[in-house]
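Content type compact mmCIF, C-alpha atoms and all ligand atoms, from the file data-v2.txt:
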```
# COMPACT_ATOMS: atom_id res chain seq x y z
CA MET A 159 127.22 21.67 5.37
CA LEU A 160 124.87 22.34 2.42
CA THR A 161 126.08 25.11 0.13
CA ALA A 162 124.59 26.37 -3.12
CA THR A 163 126.52 28.79 -5.29
CA GLY A 164 125.30 30.92 -8.18
CA LEU A 165 121.95 29.16 -8.60
CA SER A 166 119.76 30.28 -11.46
CA LYS A 167 116.57 28.65 -12.71
CA ARG A 168 114.61 29.42 -15.84
CA PHE A 169 111.34 27.84 -16.91
CA GLY A 170 111.33 28.71 -20.62
CA ALA A 171 111.61 32.49 -20.78
CA LEU A 172 110.64 32.91 -17.10
CA VAL A 173 113.61 33.54 -14.80
CA VAL A 174 112.61 32.22 -11.38
CA LEU A 175 115.99 32.27 -9.58
CA SER A 176 118.89 34.57 -10.41
CA ASP A 177 122.36 33.97 -9.06
CA VAL A 178 121.36 32.83 -5.56
CA ASP A 179 124.00 31.83 -3.00
CA PHE A 180 122.62 29.91 -0.04
CA SER A 181 124.11 27.78 2.70
CA VAL A 182 123.21 26.12 5.98
CA ARG A 183 125.73 24.95 8.58
CA ALA A 184 125.52 21.65 10.47
CA GLY A 185 122.84 21.96 13.16
CA GLU A 186 121.80 25.46 12.09
CA ALA A 187 118.18 26.57 11.60
CA VAL A 188 117.55 29.00 8.74
CA GLY A 189 114.18 30.52 7.80
CA ILE A 190 113.17 31.60 4.30
CA VAL A 191 110.43 34.18 3.76
CA GLY A 192 109.27 36.24 0.83
CA PRO A 193 106.13 37.01 -1.19
CA ASN A 194 104.25 34.41 -3.28
CA GLY A 195 106.22 33.53 -6.39
CA ALA A 196 109.54 34.76 -4.93
CA GLY A 197 111.23 31.45 -5.79
CA LYS A 198 111.36 29.88 -2.30
CA THR A 199 109.95 26.48 -3.27
CA THR A 200 112.07 26.51 -6.42
CA LEU A 201 115.20 27.00 -4.28
CA LEU A 202 114.14 24.08 -2.06
CA ASN A 203 113.44 21.91 -5.10
CA ILE A 204 116.93 22.58 -6.40
CA LEU A 205 118.58 21.95 -3.02
CA SER A 206 116.69 18.65 -2.68
CA GLY A 207 117.44 17.58 -6.27
CA THR A 208 113.80 17.56 -7.41
CA TYR A 209 115.07 19.24 -10.56
CA PRO A 210 118.45 20.66 -11.61
CA PRO A 211 119.31 24.37 -11.67
CA SER A 212 119.82 26.08 -15.05
CA SER A 213 123.23 27.07 -13.68
CA GLY A 214 125.08 26.90 -10.37
CA ARG A 215 126.36 24.17 -8.07
CA ILE A 216 125.38 22.44 -4.85
CA ALA A 217 127.83 20.94 -2.37
CA PHE A 218 127.06 18.79 0.65
CA ARG A 219 129.77 18.24 3.26
CA GLY A 220 132.31 19.59 0.77
CA THR A 221 131.35 17.20 -2.05
CA ASP A 222 129.65 18.36 -5.24
CA VAL A 223 126.18 16.75 -5.33
CA SER A 224 124.84 18.78 -8.28
CA GLY A 225 124.55 15.59 -10.36
CA LEU A 226 122.57 13.58 -7.77
CA ASP A 227 118.78 13.26 -8.03
CA ALA A 228 116.40 13.68 -5.08
CA ALA A 229 116.45 9.99 -4.11
CA ALA A 230 120.25 9.91 -4.03
CA ARG A 231 120.41 13.17 -2.05
CA CYS A 232 117.92 11.79 0.44
CA ARG A 233 120.11 8.74 1.02
CA ILE A 234 123.12 10.94 1.86
CA GLY A 235 121.09 12.97 4.37
CA ILE A 236 119.11 15.72 2.62
CA ALA A 237 115.35 15.30 3.24
CA ARG A 238 112.40 17.57 2.42
CA SER A 239 108.71 18.03 3.07
CA HIS A 240 106.31 19.20 0.35
CA GLN A 241 104.23 22.39 0.43
CA ILE A 242 101.29 20.29 -0.79
CA PRO A 243 101.35 17.08 1.29
CA ARG A 244 101.69 13.88 -0.72
CA PRO A 245 100.99 10.87 1.51
CA PHE A 246 100.49 7.42 0.02
CA HIS A 247 96.72 7.36 0.51
CA GLY A 248 96.30 3.59 0.49
CA MET A 249 98.92 3.06 3.21
CA THR A 250 98.73 3.67 6.93
CA VAL A 251 100.77 6.42 8.55
CA PHE A 252 103.30 3.84 9.75
CA GLU A 253 103.60 2.27 6.29
CA ASN A 254 104.15 5.73 4.80
CA LEU A 255 107.09 6.17 7.16
CA LEU A 256 108.45 2.68 6.45
CA VAL A 257 108.71 3.51 2.77
CA ALA A 258 110.68 6.63 3.69
CA ALA A 259 112.98 4.81 6.13
CA ARG A 260 113.69 2.04 3.62
CA ALA A 261 113.87 3.91 0.32
CA GLY A 262 115.12 7.25 1.62
CA GLY A 263 117.11 6.12 4.65
CA GLY A 264 118.42 2.80 3.38
CA LEU A 265 117.28 1.03 6.58
CA ARG A 266 115.95 -2.53 6.83
CA GLY A 267 114.00 -4.69 9.30
CA ARG A 268 113.94 -3.65 12.96
CA ALA A 269 116.19 -0.64 12.35
CA ALA A 270 113.69 0.78 9.86
CA GLU A 271 110.75 0.14 12.20
CA GLN A 272 112.57 1.73 15.14
CA LYS A 273 113.39 4.80 13.06
CA CYS A 274 109.70 5.17 12.14
CA LEU A 275 108.58 4.87 15.77
CA ASP A 276 111.17 7.50 16.69
CA ALA A 277 109.95 9.88 13.99
CA LEU A 278 106.29 9.34 14.91
CA GLY A 279 107.08 9.94 18.58
CA GLN A 280 108.96 13.14 17.79
CA CYS A 281 106.04 14.44 15.75
CA GLY A 282 103.42 13.40 18.31
CA MET A 283 101.82 10.99 15.82
CA LEU A 284 102.14 7.60 17.52
CA LYS A 285 98.39 7.40 18.06
CA LEU A 286 97.82 7.84 14.34
CA SER A 287 100.18 5.01 13.29
CA ASN A 288 97.46 2.76 11.92
CA ARG A 289 95.33 5.43 10.27
CA PRO A 290 95.18 5.25 6.46
CA GLY A 291 96.93 8.23 4.85
CA ALA A 292 93.72 9.06 2.97
CA THR A 293 91.77 9.75 6.20
CA LEU A 294 94.13 12.40 7.61
CA GLY A 295 93.11 16.04 7.83
CA LEU A 296 95.39 18.76 6.47
CA LEU A 297 97.25 19.37 9.73
CA ASP A 298 98.03 15.70 10.21
CA ARG A 299 99.05 15.39 6.57
CA LYS A 300 101.52 18.23 7.14
CA ARG A 301 102.82 16.50 10.24
CA LEU A 302 103.13 13.27 8.26
CA GLU A 303 105.29 15.13 5.72
CA LEU A 304 107.60 16.10 8.57
CA ALA A 305 107.62 12.59 10.12
CA ARG A 306 108.33 10.99 6.75
CA ALA A 307 111.28 13.29 6.16
CA LEU A 308 112.59 12.51 9.66
CA ALA A 309 112.25 8.77 9.09
CA THR A 310 114.90 8.98 6.37
CA GLY A 311 117.45 9.98 9.03
CA PRO A 312 118.42 13.38 7.62
CA ASP A 313 121.29 15.69 8.52
CA VAL A 314 119.47 18.54 6.76
CA LEU A 315 115.70 18.91 6.79
CA LEU A 316 114.13 21.16 4.15
CA LEU A 317 110.60 22.23 5.17
CA ASP A 318 108.14 23.95 2.85
CA GLU A 319 105.25 25.67 4.67
CA ILE A 320 104.33 23.09 7.23
CA GLY A 321 102.74 25.71 9.52
CA GLY A 322 99.84 27.05 7.43
CA GLY A 323 96.38 27.06 9.00
CA LEU A 324 97.44 26.17 12.55
CA THR A 325 95.74 27.38 15.73
CA ASP A 326 98.01 29.09 18.29
CA GLY A 327 98.21 25.87 20.34
CA GLU A 328 99.09 23.77 17.30
CA ALA A 329 101.69 26.32 16.23
CA ALA A 330 103.32 26.16 19.67
CA GLU A 331 103.37 22.37 19.38
CA LEU A 332 105.01 22.60 15.95
CA VAL A 333 107.65 25.00 17.27
CA ALA A 334 108.44 22.54 20.09
CA ILE A 335 108.76 19.68 17.59
CA ILE A 336 111.14 21.59 15.32
CA LEU A 337 113.21 22.82 18.27
CA ALA A 338 113.56 19.20 19.45
CA ILE A 339 114.64 18.14 15.96
CA ARG A 340 117.27 20.86 15.97
CA ALA A 341 118.44 19.85 19.43
CA ARG A 342 119.31 16.48 17.91
CA GLY A 343 121.79 18.26 15.64
CA ILE A 344 119.69 18.20 12.45
CA ALA A 345 120.04 21.35 10.34
CA VAL A 346 116.70 22.90 9.37
CA VAL A 347 115.80 25.10 6.40
CA TRP A 348 112.21 26.25 6.87
CA ILE A 349 110.09 28.21 4.39
CA GLU A 350 107.14 29.71 6.24
CA HIS A 351 104.71 32.60 5.86
CA ILE A 352 103.85 32.60 9.57
CA VAL A 353 106.78 34.73 10.57
CA HIS A 354 106.13 34.88 14.31
CA ILE A 355 106.40 31.06 14.45
CA LEU A 356 109.52 31.00 12.32
CA VAL A 357 111.42 33.48 14.47
CA GLN A 358 110.95 31.26 17.52
CA VAL A 359 113.06 28.59 15.83
CA VAL A 360 115.55 30.05 13.37
CA GLU A 361 118.77 31.85 14.14
CA ARG A 362 119.12 33.24 10.63
CA LEU A 363 116.50 34.54 8.23
CA VAL A 364 116.68 34.89 4.45
CA CYS A 365 114.17 37.01 2.53
CA MET A 366 113.65 36.38 -1.18
CA ASP A 367 111.88 38.49 -3.75
CA ALA A 368 111.61 37.95 -7.50
CA GLY A 369 114.19 35.17 -7.56
CA ARG A 370 116.84 36.93 -5.51
CA ILE A 371 117.90 37.12 -1.86
CA ILE A 372 117.14 40.68 -0.81
CA ALA A 373 118.17 40.41 2.86
CA GLU A 374 119.66 37.86 5.24
CA GLY A 375 121.05 37.66 8.75
CA ASP A 376 119.75 37.92 12.28
CA PRO A 377 115.91 37.56 12.08
CA LYS A 378 115.11 40.81 13.88
CA SER A 379 117.38 42.86 11.64
CA VAL A 380 115.98 41.21 8.51
CA LEU A 381 112.39 41.93 9.61
CA ARG A 382 113.30 45.59 10.15
CA ASP A 383 115.05 45.86 6.79
CA ALA A 384 113.39 48.47 4.58
CA ALA A 385 113.57 46.27 1.46
CA VAL A 386 111.89 43.36 3.32
CA ILE A 387 109.11 45.55 4.67
CA ASP A 388 108.58 47.00 1.23
CA ALA A 389 108.60 43.69 -0.70
CA TYR A 390 106.98 41.36 1.79
CA LEU A 391 105.79 42.40 5.21
CA GLY A 392 104.29 45.84 4.99
CA PRO A 393 104.86 48.14 7.99
CA SER A 394 102.19 46.80 10.40
CA ALA A 395 103.09 43.11 9.90
CA ALA A 396 106.76 43.92 10.40
CA HIS A 397 105.94 45.48 13.74
CA ALA A 398 103.84 42.48 14.80
CA ALA A 399 106.52 39.95 13.81
CA VAL A 400 109.38 41.64 15.65
CA GLY A 401 107.26 42.68 18.62
N1 LIG A 501 107.54 23.96 -12.95
C1 LIG A 501 107.35 25.26 -13.21
N2 LIG A 501 107.13 25.71 -14.47
C2 LIG A 501 106.95 27.02 -14.74
N3 LIG A 501 106.95 27.99 -13.81
C3 LIG A 501 107.17 27.62 -12.54
C4 LIG A 501 107.37 26.25 -12.16
N4 LIG A 501 107.56 26.20 -10.81
C5 LIG A 501 107.47 27.46 -10.37
N5 LIG A 501 107.23 28.32 -11.39
C6 LIG A 501 107.11 29.78 -11.29
O1 LIG A 501 108.24 30.24 -10.60
C7 LIG A 501 107.93 31.32 -9.73
C8 LIG A 501 108.39 30.99 -8.34
O2 LIG A 501 107.61 29.93 -7.82
P1 LIG A 501 107.87 29.29 -6.38
O3 LIG A 501 106.91 28.18 -6.27
O4 LIG A 501 109.31 28.96 -6.24
O5 LIG A 501 107.50 30.49 -5.43
P2 LIG A 501 107.32 30.52 -3.84
O6 LIG A 501 108.22 31.60 -3.35
O7 LIG A 501 107.50 29.17 -3.28
O8 LIG A 501 105.81 31.01 -3.68
P3 LIG A 501 104.67 30.62 -2.61
O9 LIG A 501 104.94 31.47 -1.40
O10 LIG A 501 103.40 30.99 -3.29
O11 LIG A 501 104.79 29.15 -2.33
C9 LIG A 501 106.42 31.53 -9.86
O12 LIG A 501 106.22 32.57 -10.78
C10 LIG A 501 105.93 30.22 -10.42
O13 LIG A 501 104.76 30.40 -11.19
MG MG A 502 106.28 27.87 -2.30
```
Would you mind writing the file out in structure tokens?
Ligand SMILES: Nc1ncnc2c1ncn2[C@@H]1O[C@H](COP(=O)(O)OP(=O)(O)OP(=O)(O)O)[C@@H](O)[C@H]1O
Ligand SMILES: [Mg+2]
Amino acid sequence: MLTATGLSKRFGALVVLSDVDFSVRAGEAVGIVGPNGAGKTTLLNILSGTYPPSSGRIAFRGTDVSGLDAAARCRIGIARSHQIPRPFHGMTVFENLLVAARAGGGLRGRAAEQKCLDALGQCGMLKLSNRPGATLGLLDRKRLELARALATGPDVLLLDEIGGGLTDGEAAELVAIILAIRARGIAVVWIEHIVHILVQVVERLVCMDAGRIIAEGDPKSVLRDAAVIDAYLGPSAAHAAVG
């Protein structure tokens, strides 16, 4: 459904992505892991159209979308959350979602409002509808990122570290939310450092290091891969993640 081929990204002399091929099928859930600075967020930024790659192409449903910016990609069904939440502080939670449903989803009137209620319900945020964005704690801001992305009516949801700092109970809640999103047929690409949460949701795992994909496939095999243990997990964490 979303396919990137030969992506490279340079910031000046710094090569951040080198010749990365990445794809996600309709309804599939893919996890991305890797050490800090591996290029995970950069890959997501390029998939979402936040900035263009230095080279390479992106296709969505068989059509080249390399030339579309983030707003245009959102309107055709590619939505993302940000690693650092960016709510509109002066607006309520509901108003934040309305902006997303209108600008990102192209919805109007009742249809936009219904989409927002749906997204809030799915994320367990209905009670927070009237809270100003500025008063939310970190966890709720992360959830708002997710709800906002959902309110645009995506076919592919790109998530950047929405799980950081959660208690076990909150993590279980987040897993249930993402599984429900997937059950609706929305494809999910999820960058997350909390590997034991990620493996409860994704059917395929990609590990990046220094701008390249160093392993991908079935999550358990990837977490046992020698290169992944060496670059990212370390032996004890690998054992804990796979169980
Ligand atoms: N706009 C930018 N200008 C210059 N360098 C950048 C820019 N964005 C990212 N980088 C650099 O690119 C590299 C990859 O960054 P990226 O944010 O993609 O890593 P990441 O895998 O998401 O890491 P983390 O797990 O810490 O979020 C880092 O060395 C970072 O400093
Ligand atoms: Mg990142």
Residues at most 10 Å from stretch 260-274 of chain A, counting all atoms listed in the file, excluding those fewer than 3 positions away in the same chain, as an MDAnalysis selection string? chainID A and resid 228:237 251:257 277:280 284 287 305:312
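Atom pair atom CA of A:Ser224 / atom CA of A:Val314: separated by 16.0 Å.
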Can you list every residue of chain A that has an atom at most 9 Å from ligand MG 502 (chain A), with its nearest atom pair and the distance in Å to one decimal, using all atoms listed in the file, ordered by chain then number, as a Markdown table?
```
| residue | atom | partner | partner_atom | distance |
| --- | --- | --- | --- | --- |
| A:Asn194 | CA | A:MG502 | MG | 6.9 |
| A:Gly195 | CA | A:MG502 | MG | 7.0 |
| A:Ala196 | CA | A:MG502 | MG | 8.1 |
| A:Gly197 | CA | A:MG502 | MG | 7.0 |
| A:Lys198 | CA | A:MG502 | MG | 5.5 |
| A:Thr199 | CA | A:MG502 | MG | 4.0 |
| A:Thr200 | CA | A:MG502 | MG | 7.2 |
| A:Leu202 | CA | A:MG502 | MG | 8.7 |
| A:Gln241 | CA | A:MG502 | MG | 6.5 |
| A:Asp318 | CA | A:MG502 | MG | 6.7 |
| A:Glu319 | CA | A:MG502 | MG | 7.4 |
| A:Ile349 | CA | A:MG502 | MG | 7.7 |
| A:Glu350 | CA | A:MG502 | MG | 8.8 |
```
Find the spatial neighbours of stretch 297-304 of chain A, counting only C-alpha atoms, within a cut-off of 9 Å - ignore same-chain residues fewer than 4 positions away - and output them as a VMD selection string. chain A and resid 238 to 245 251 254 to 255 277 to 278 281 to 283 286 291 308 to 309 315 317 319 to 324 328 332
Enclose the full set of atoms of ligand LIG 501 (chain A) listed in the file within a box whose edges lie along x, y and z, apply 6 Å of padding to each of the six sides, and report centre and edge lengths in Å to one decimal as JSON.
```
{"center_x": 106.4, "center_y": 28.3, "center_z": -8.1, "size_x": 17.9, "size_y": 20.6, "size_z": 25.3}
```
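The coordinates place atom CA of A:Ala329 at 24.3 Å from atom CA of A:Asn288.
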Just how far from atom C7 of ligand LIG 501 (chain A) is atom CA of A:Ala184, in Å to one decimal? 28.5 Å
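Using all atoms listed in the file, the smallest distance between any of A:Val191, A:Ile336, A:Ala217, A:Leu205 and A:Ile387 comes from A:Val191.
The nearest approach to ligand LIG 501 (chain A) among the residues A:Leu381, A:Ala368, A:Leu226, A:Ala187, with all atoms listed in the file taken into account, belongs to A:Ala368.
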